[in-house]
>>> print(open('final23.tsv').read())   # TSV, C-alpha atoms
chain	number	residue	atom	x	y	z
A	1	MET	CA	10.50	5.50	-12.19
A	2	LYS	CA	7.71	4.01	-14.25
A	3	THR	CA	6.16	0.87	-12.83
A	4	PRO	CA	2.92	-0.99	-13.49
A	5	ILE	CA	0.28	0.17	-11.01
A	6	ASP	CA	-1.53	-3.16	-10.97
A	7	SER	CA	0.04	-6.54	-11.57
A	8	LEU	CA	-3.18	-7.63	-13.33
A	9	ARG	CA	-2.78	-4.78	-15.83
A	10	PRO	CA	0.93	-4.60	-16.64
A	11	SER	CA	0.23	-2.43	-19.70
A	12	ILE	CA	-0.84	0.48	-17.44
A	13	SER	CA	1.79	2.49	-15.63
A	14	VAL	CA	1.45	5.63	-13.52
A	15	ARG	CA	4.30	7.94	-12.69
A	16	PRO	CA	4.89	11.42	-11.28
A	17	ALA	CA	4.79	14.06	-13.99
A	18	GLU	CA	8.02	15.83	-14.89
A	19	ALA	CA	8.66	19.23	-16.43
A	20	GLN	CA	9.06	17.66	-19.87
A	21	ASP	CA	5.42	16.46	-19.58
A	22	ILE	CA	3.97	19.99	-19.61
A	23	ASP	CA	2.79	19.73	-23.23
A	24	VAL	CA	0.97	16.47	-22.49
A	25	ILE	CA	-0.56	17.86	-19.30
A	26	LEU	CA	-1.76	20.97	-21.11
A	27	GLN	CA	-3.23	18.84	-23.90
A	28	PHE	CA	-5.13	16.76	-21.33
A	29	ILE	CA	-6.34	19.91	-19.55
A	30	ARG	CA	-7.72	21.26	-22.82
A	31	GLU	CA	-9.39	17.94	-23.68
A	32	LEU	CA	-10.96	17.79	-20.21
A	33	ALA	CA	-12.21	21.36	-20.52
A	34	GLU	CA	-13.76	20.56	-23.89
A	35	TYR	CA	-15.49	17.49	-22.43
A	36	GLU	CA	-16.79	19.53	-19.49
A	37	ARG	CA	-17.93	22.31	-21.86
A	38	LEU	CA	-15.53	24.74	-20.15
A	39	SER	CA	-12.92	25.39	-22.86
A	40	HIS	CA	-13.60	29.11	-22.58
A	41	GLU	CA	-12.23	29.05	-19.01
A	42	VAL	CA	-8.81	27.57	-19.81
A	43	VAL	CA	-6.06	30.18	-19.46
A	44	ALA	CA	-3.36	27.75	-18.31
A	45	ASP	CA	-0.25	27.72	-20.46
A	46	GLU	CA	3.20	26.12	-20.37
A	47	GLU	CA	4.71	28.97	-18.34
A	48	LEU	CA	2.05	28.81	-15.61
A	49	LEU	CA	2.27	25.03	-15.39
A	50	GLN	CA	6.06	25.23	-15.15
A	51	GLN	CA	5.83	27.77	-12.34
A	52	PHE	CA	3.12	26.12	-10.26
A	53	LEU	CA	3.85	22.43	-10.85
A	54	PHE	CA	7.63	22.38	-11.16
A	55	GLY	CA	8.86	25.75	-9.89
A	56	GLU	CA	10.44	26.76	-6.62
A	57	ARG	CA	7.22	26.31	-4.61
A	58	PRO	CA	5.00	23.77	-6.38
A	59	ALA	CA	1.33	24.34	-5.62
A	60	ALA	CA	0.15	20.97	-6.94
A	61	GLU	CA	1.35	17.60	-8.14
A	62	ALA	CA	0.50	15.78	-11.35
A	63	ILE	CA	0.76	12.17	-12.40
A	64	ILE	CA	0.68	10.65	-15.86
A	65	ALA	CA	-0.90	7.33	-16.78
A	66	GLU	CA	0.49	5.49	-19.77
A	67	TYR	CA	-1.07	2.59	-21.60
A	68	GLU	CA	1.78	0.59	-23.04
A	69	THR	CA	3.94	3.57	-24.06
A	70	ALA	CA	1.26	6.15	-24.92
A	71	PRO	CA	0.11	8.88	-22.51
A	72	ALA	CA	-3.44	7.89	-21.62
A	73	GLY	CA	-4.49	10.26	-18.84
A	74	PHE	CA	-3.45	12.40	-15.95
A	75	ALA	CA	-4.48	13.56	-12.51
A	76	LEU	CA	-3.63	16.78	-10.73
A	77	PHE	CA	-3.97	17.13	-6.95
A	78	PHE	CA	-2.79	19.22	-4.02
A	79	GLN	CA	-2.57	19.09	-0.24
A	80	THR	CA	-5.38	20.32	1.99
A	81	PHE	CA	-5.81	20.28	5.75
A	82	SER	CA	-8.75	19.08	7.83
A	83	THR	CA	-9.13	20.87	11.14
A	84	PHE	CA	-11.56	18.18	12.31
A	85	LEU	CA	-9.15	15.34	11.54
A	86	GLY	CA	-6.10	17.37	12.54
A	87	ARG	CA	-4.27	16.03	9.49
A	88	PRO	CA	-3.67	16.85	5.85
A	89	GLY	CA	-5.58	15.41	2.94
A	90	LEU	CA	-5.37	15.46	-0.81
A	91	TYR	CA	-7.76	17.25	-3.13
A	92	LEU	CA	-8.06	15.84	-6.63
A	93	GLU	CA	-8.52	18.83	-8.91
A	94	ASP	CA	-8.66	16.92	-12.19
A	95	LEU	CA	-8.66	13.35	-13.39
A	96	TYR	CA	-8.82	12.75	-17.12
A	97	VAL	CA	-8.49	9.69	-19.31
A	98	ASN	CA	-8.40	10.06	-23.08
A	99	PRO	CA	-11.71	8.72	-24.47
A	100	SER	CA	-9.90	6.17	-26.66
A	101	MET	CA	-8.24	4.75	-23.54
A	102	ARG	CA	-11.32	4.46	-21.30
A	103	ASP	CA	-12.61	1.18	-19.88
A	104	LYS	CA	-9.09	-0.18	-19.48
A	105	GLY	CA	-8.71	0.54	-15.74
A	106	ILE	CA	-6.67	3.73	-16.23
A	107	GLY	CA	-8.94	5.99	-14.15
A	108	LYS	CA	-8.88	3.50	-11.30
A	109	ALA	CA	-5.09	3.21	-11.58
A	110	LEU	CA	-4.75	7.00	-11.30
A	111	LEU	CA	-7.01	7.13	-8.23
A	112	ARG	CA	-5.27	4.13	-6.66
A	113	TYR	CA	-1.90	5.87	-7.08
A	114	ILE	CA	-3.19	9.03	-5.33
A	115	ALA	CA	-4.88	6.98	-2.59
A	116	ARG	CA	-1.59	5.19	-1.95
A	117	LEU	CA	0.21	8.54	-1.69
A	118	ALA	CA	-2.36	9.77	0.82
A	119	VAL	CA	-1.99	6.63	2.94
A	120	GLU	CA	1.83	6.64	2.72
A	121	ARG	CA	1.90	10.29	3.82
A	122	GLY	CA	-0.43	9.62	6.76
A	123	PHE	CA	-3.15	11.85	5.34
A	124	GLY	CA	-6.76	11.52	6.44
A	125	ARG	CA	-8.77	11.95	3.25
A	126	LEU	CA	-8.93	12.21	-0.51
A	127	GLU	CA	-11.62	14.50	-1.89
A	128	TRP	CA	-12.78	15.83	-5.24
A	129	SER	CA	-15.75	17.37	-7.00
A	130	VAL	CA	-17.64	16.13	-10.02
A	131	LEU	CA	-20.08	17.93	-12.29
A	132	ASP	CA	-23.60	16.81	-11.44
A	133	TRP	CA	-24.41	15.98	-15.07
A	134	ASN	CA	-21.40	13.67	-15.46
A	135	GLU	CA	-23.30	10.49	-14.65
A	136	SER	CA	-20.59	8.10	-15.85
A	137	ALA	CA	-18.05	9.71	-13.52
A	138	VAL	CA	-20.52	9.65	-10.61
A	139	ARG	CA	-21.15	5.93	-11.16
A	140	PHE	CA	-17.40	5.27	-11.45
A	141	TYR	CA	-16.66	7.06	-8.16
A	142	GLU	CA	-19.52	5.35	-6.36
A	143	ARG	CA	-18.26	1.93	-7.54
A	144	LEU	CA	-14.96	2.78	-5.86
A	145	GLY	CA	-16.77	3.40	-2.57
A	146	ALA	CA	-16.69	7.21	-2.62
A	147	ASP	CA	-19.47	9.09	-0.83
A	148	ALA	CA	-21.18	12.14	-2.33
A	149	MET	CA	-21.16	15.08	0.07
A	150	ASP	CA	-24.65	16.28	-0.85
A	151	ASP	CA	-24.95	18.55	2.17
A	152	TRP	CA	-22.02	20.77	1.11
A	153	ILE	CA	-22.12	23.61	-1.40
A	154	VAL	CA	-18.91	24.67	-3.15
A	155	TYR	CA	-18.24	28.42	-3.26
A	156	ARG	CA	-15.59	30.15	-5.34
A	157	LEU	CA	-14.09	33.61	-5.63
A	158	THR	CA	-12.26	34.50	-8.86
A	159	ASP	CA	-11.17	37.49	-10.87
A	160	ASP	CA	-12.81	40.77	-9.78
A	161	ALA	CA	-14.57	39.28	-6.74
A	162	LEU	CA	-11.30	37.79	-5.45
A	163	ALA	CA	-9.44	41.07	-6.04
A	164	ALA	CA	-12.21	43.09	-4.36
A	165	LEU	CA	-12.17	40.92	-1.24
A	166	SER	CA	-8.39	41.12	-1.03
A	167	ARG	CA	-8.47	44.93	-0.77
>>> encode(input="final23.tsv", output="structure tokens")
Amino acid sequence: MKTPIDSLRPSISVRPAEAQDIDVILQFIRELAEYERLSHEVVADEELLQQFLFGERPAAEAIIAEYETAPAGFALFFQTFSTFLGRPGLYLEDLYVNPSMRDKGIGKALLRYIARLAVERGFGRLEWSVLDWNESAVRFYERLGADAMDDWIVYRLTDDALAALSR
């Protein structure tokens, strides 16, 4: 069901993504990768998104923001667990708003929707990462009251290193 996320901005709606949104999600992923200068890393395709977002065991959730009737942005997130809190949390993998739709409150509407989900589910936190050079995103997140976790370093295993460790 599509409903306005904020009564002050009835032209913005946010809704859970559905399988028929895969093309839009993939378009937004590619646009985000281009913006982040990471297009060369995108291997996601319709089949993978179908399997891991809408298949038998979804690994993540996605939401779509619309401005009036046009897709304007998306967010993709998944459940985590905090041993210190003893409760789950949500990790925001990606949040993207089409450049022509920015400064309309769409990014905030997407984050508000995810924050509401976290609260409704009794989760203890909402976390995400941002590229250190993306100053506009850093300012946006700080205006929302988010704290930078400067004392943490993100590590990642992929491809050959992941396969080697698994053996």
>>> closest_residue(input="final23.tsv", among="A:Arg15, A:His40, A:Arg87, A:Arg57", to="Ala72 in chain A", atoms="all atoms listed in the file")
A:Arg15
>>> atom_distance(input="final23.tsv", atom1="CA of Leu126 in chain A", atom2="CA of Tyr35 in chain A")
23.5 Å
>>> residues_around(input="final23.tsv", residues="Ile106 in chain A", least_positions_apart="6", cutoff="8 Å", atoms="all atoms listed in the file", output="list in words")
Ile12, Ala65, Tyr67, Ala72, Gly73 and Val97 of chain A
>>> atom_distance(input="final23.tsv", atom1="CA of Pro88 in chain A", atom2="CA of Asp147 in chain A")
18.8 Å
>>> closest_residue(input="final23.tsv", among="A:Asp159, A:Trp133, A:Ala33, A:Pro99", to="Pro71 in chain A", atoms="only C-alpha atoms")
A:Pro99
>>> closest_residue(input="final23.tsv", among="A:Phe78, A:Phe140, A:Trp128, A:Phe84", to="Lys108 in chain A", atoms="only C-alpha atoms")
A:Phe140
>>> residues_around(input="final23.tsv", residues="Tyr141 in chain A", least_positions_apart="3", cutoff="12 Å", atoms="all atoms listed in the file", output="ChimeraX atom specification")
/A:95,107-108,111-112,127-130,134-138,144-148
>>> residues_around(input="final23.tsv", residues="Glu18 in chain A", least_positions_apart="5", cutoff="10 Å", atoms="only C-alpha atoms", output="list in words")
Ile25, Gln50, Leu53, Phe54, Glu61, Ala62, Ile63 and Ile64 of chain A
>>> atom_distance(input="final23.tsv", atom1="CA of Val24 in chain A", atom2="CA of Phe74 in chain A")
8.9 Å
>>> closest_residue(input="final23.tsv", among="A:Gly124, A:Gly55, A:Gly105, A:Pro16", to="Thr80 in chain A", atoms="all atoms listed in the file")
A:Gly124
>>> axis_aligned_box(input="final23.tsv", around="range 46-64 of chain A", padding_each_side="4 Å", output="JSON")
{"center_x": 5.3, "center_y": 19.8, "center_z": -12.5, "size_x": 18.3, "size_y": 26.3, "size_z": 23.8}
>>> closest_residue(input="final23.tsv", among="A:Trp152, A:Val14, A:Thr83, A:Ala161", to="Arg116 in chain A", atoms="all atoms listed in the file")
A:Val14
>>> residues_near_point(input="final23.tsv", point="(-16.4, 27.1, -9.7)", cutoff="12 Å", atoms="all atoms listed in the file", output="PyMOL selection string")
chain A and resi 38+41+93+129-131+153-159
>>> write_last_selection(input="final23.tsv", atoms="C-alpha atoms", output="short mmCIF file (atom, residue, chain, number, x, y, z; two decimals), in the frame of the given file")
data_model
loop_
_atom_site.label_atom_id
_atom_site.label_comp_id
_atom_site.auth_asym_id
_atom_site.auth_seq_id
_atom_site.Cartn_x
_atom_site.Cartn_y
_atom_site.Cartn_z
CA LEU A 38 -15.53 24.74 -20.15
CA GLU A 41 -12.23 29.05 -19.01
CA GLU A 93 -8.52 18.83 -8.91
CA SER A 129 -15.75 17.37 -7.00
CA VAL A 130 -17.64 16.13 -10.02
CA LEU A 131 -20.08 17.93 -12.29
CA ILE A 153 -22.12 23.61 -1.40
CA VAL A 154 -18.91 24.67 -3.15
CA TYR A 155 -18.24 28.42 -3.26
CA ARG A 156 -15.59 30.15 -5.34
CA LEU A 157 -14.09 33.61 -5.63
CA THR A 158 -12.26 34.50 -8.86
CA ASP A 159 -11.17 37.49 -10.87
#
>>> closest_residue(input="final23.tsv", among="A:Ile22, A:Leu165, A:Ser13, A:Phe77", to="Glu47 in chain A", atoms="all atoms listed in the file")
A:Ile22
>>> residues_around(input="final23.tsv", residues="Ser11 in chain A", least_positions_apart="6", cutoff="9 Å", atoms="all atoms listed in the file", output="list in words")
Pro4, Glu66, Tyr67, Glu68 and Thr69 of chain A
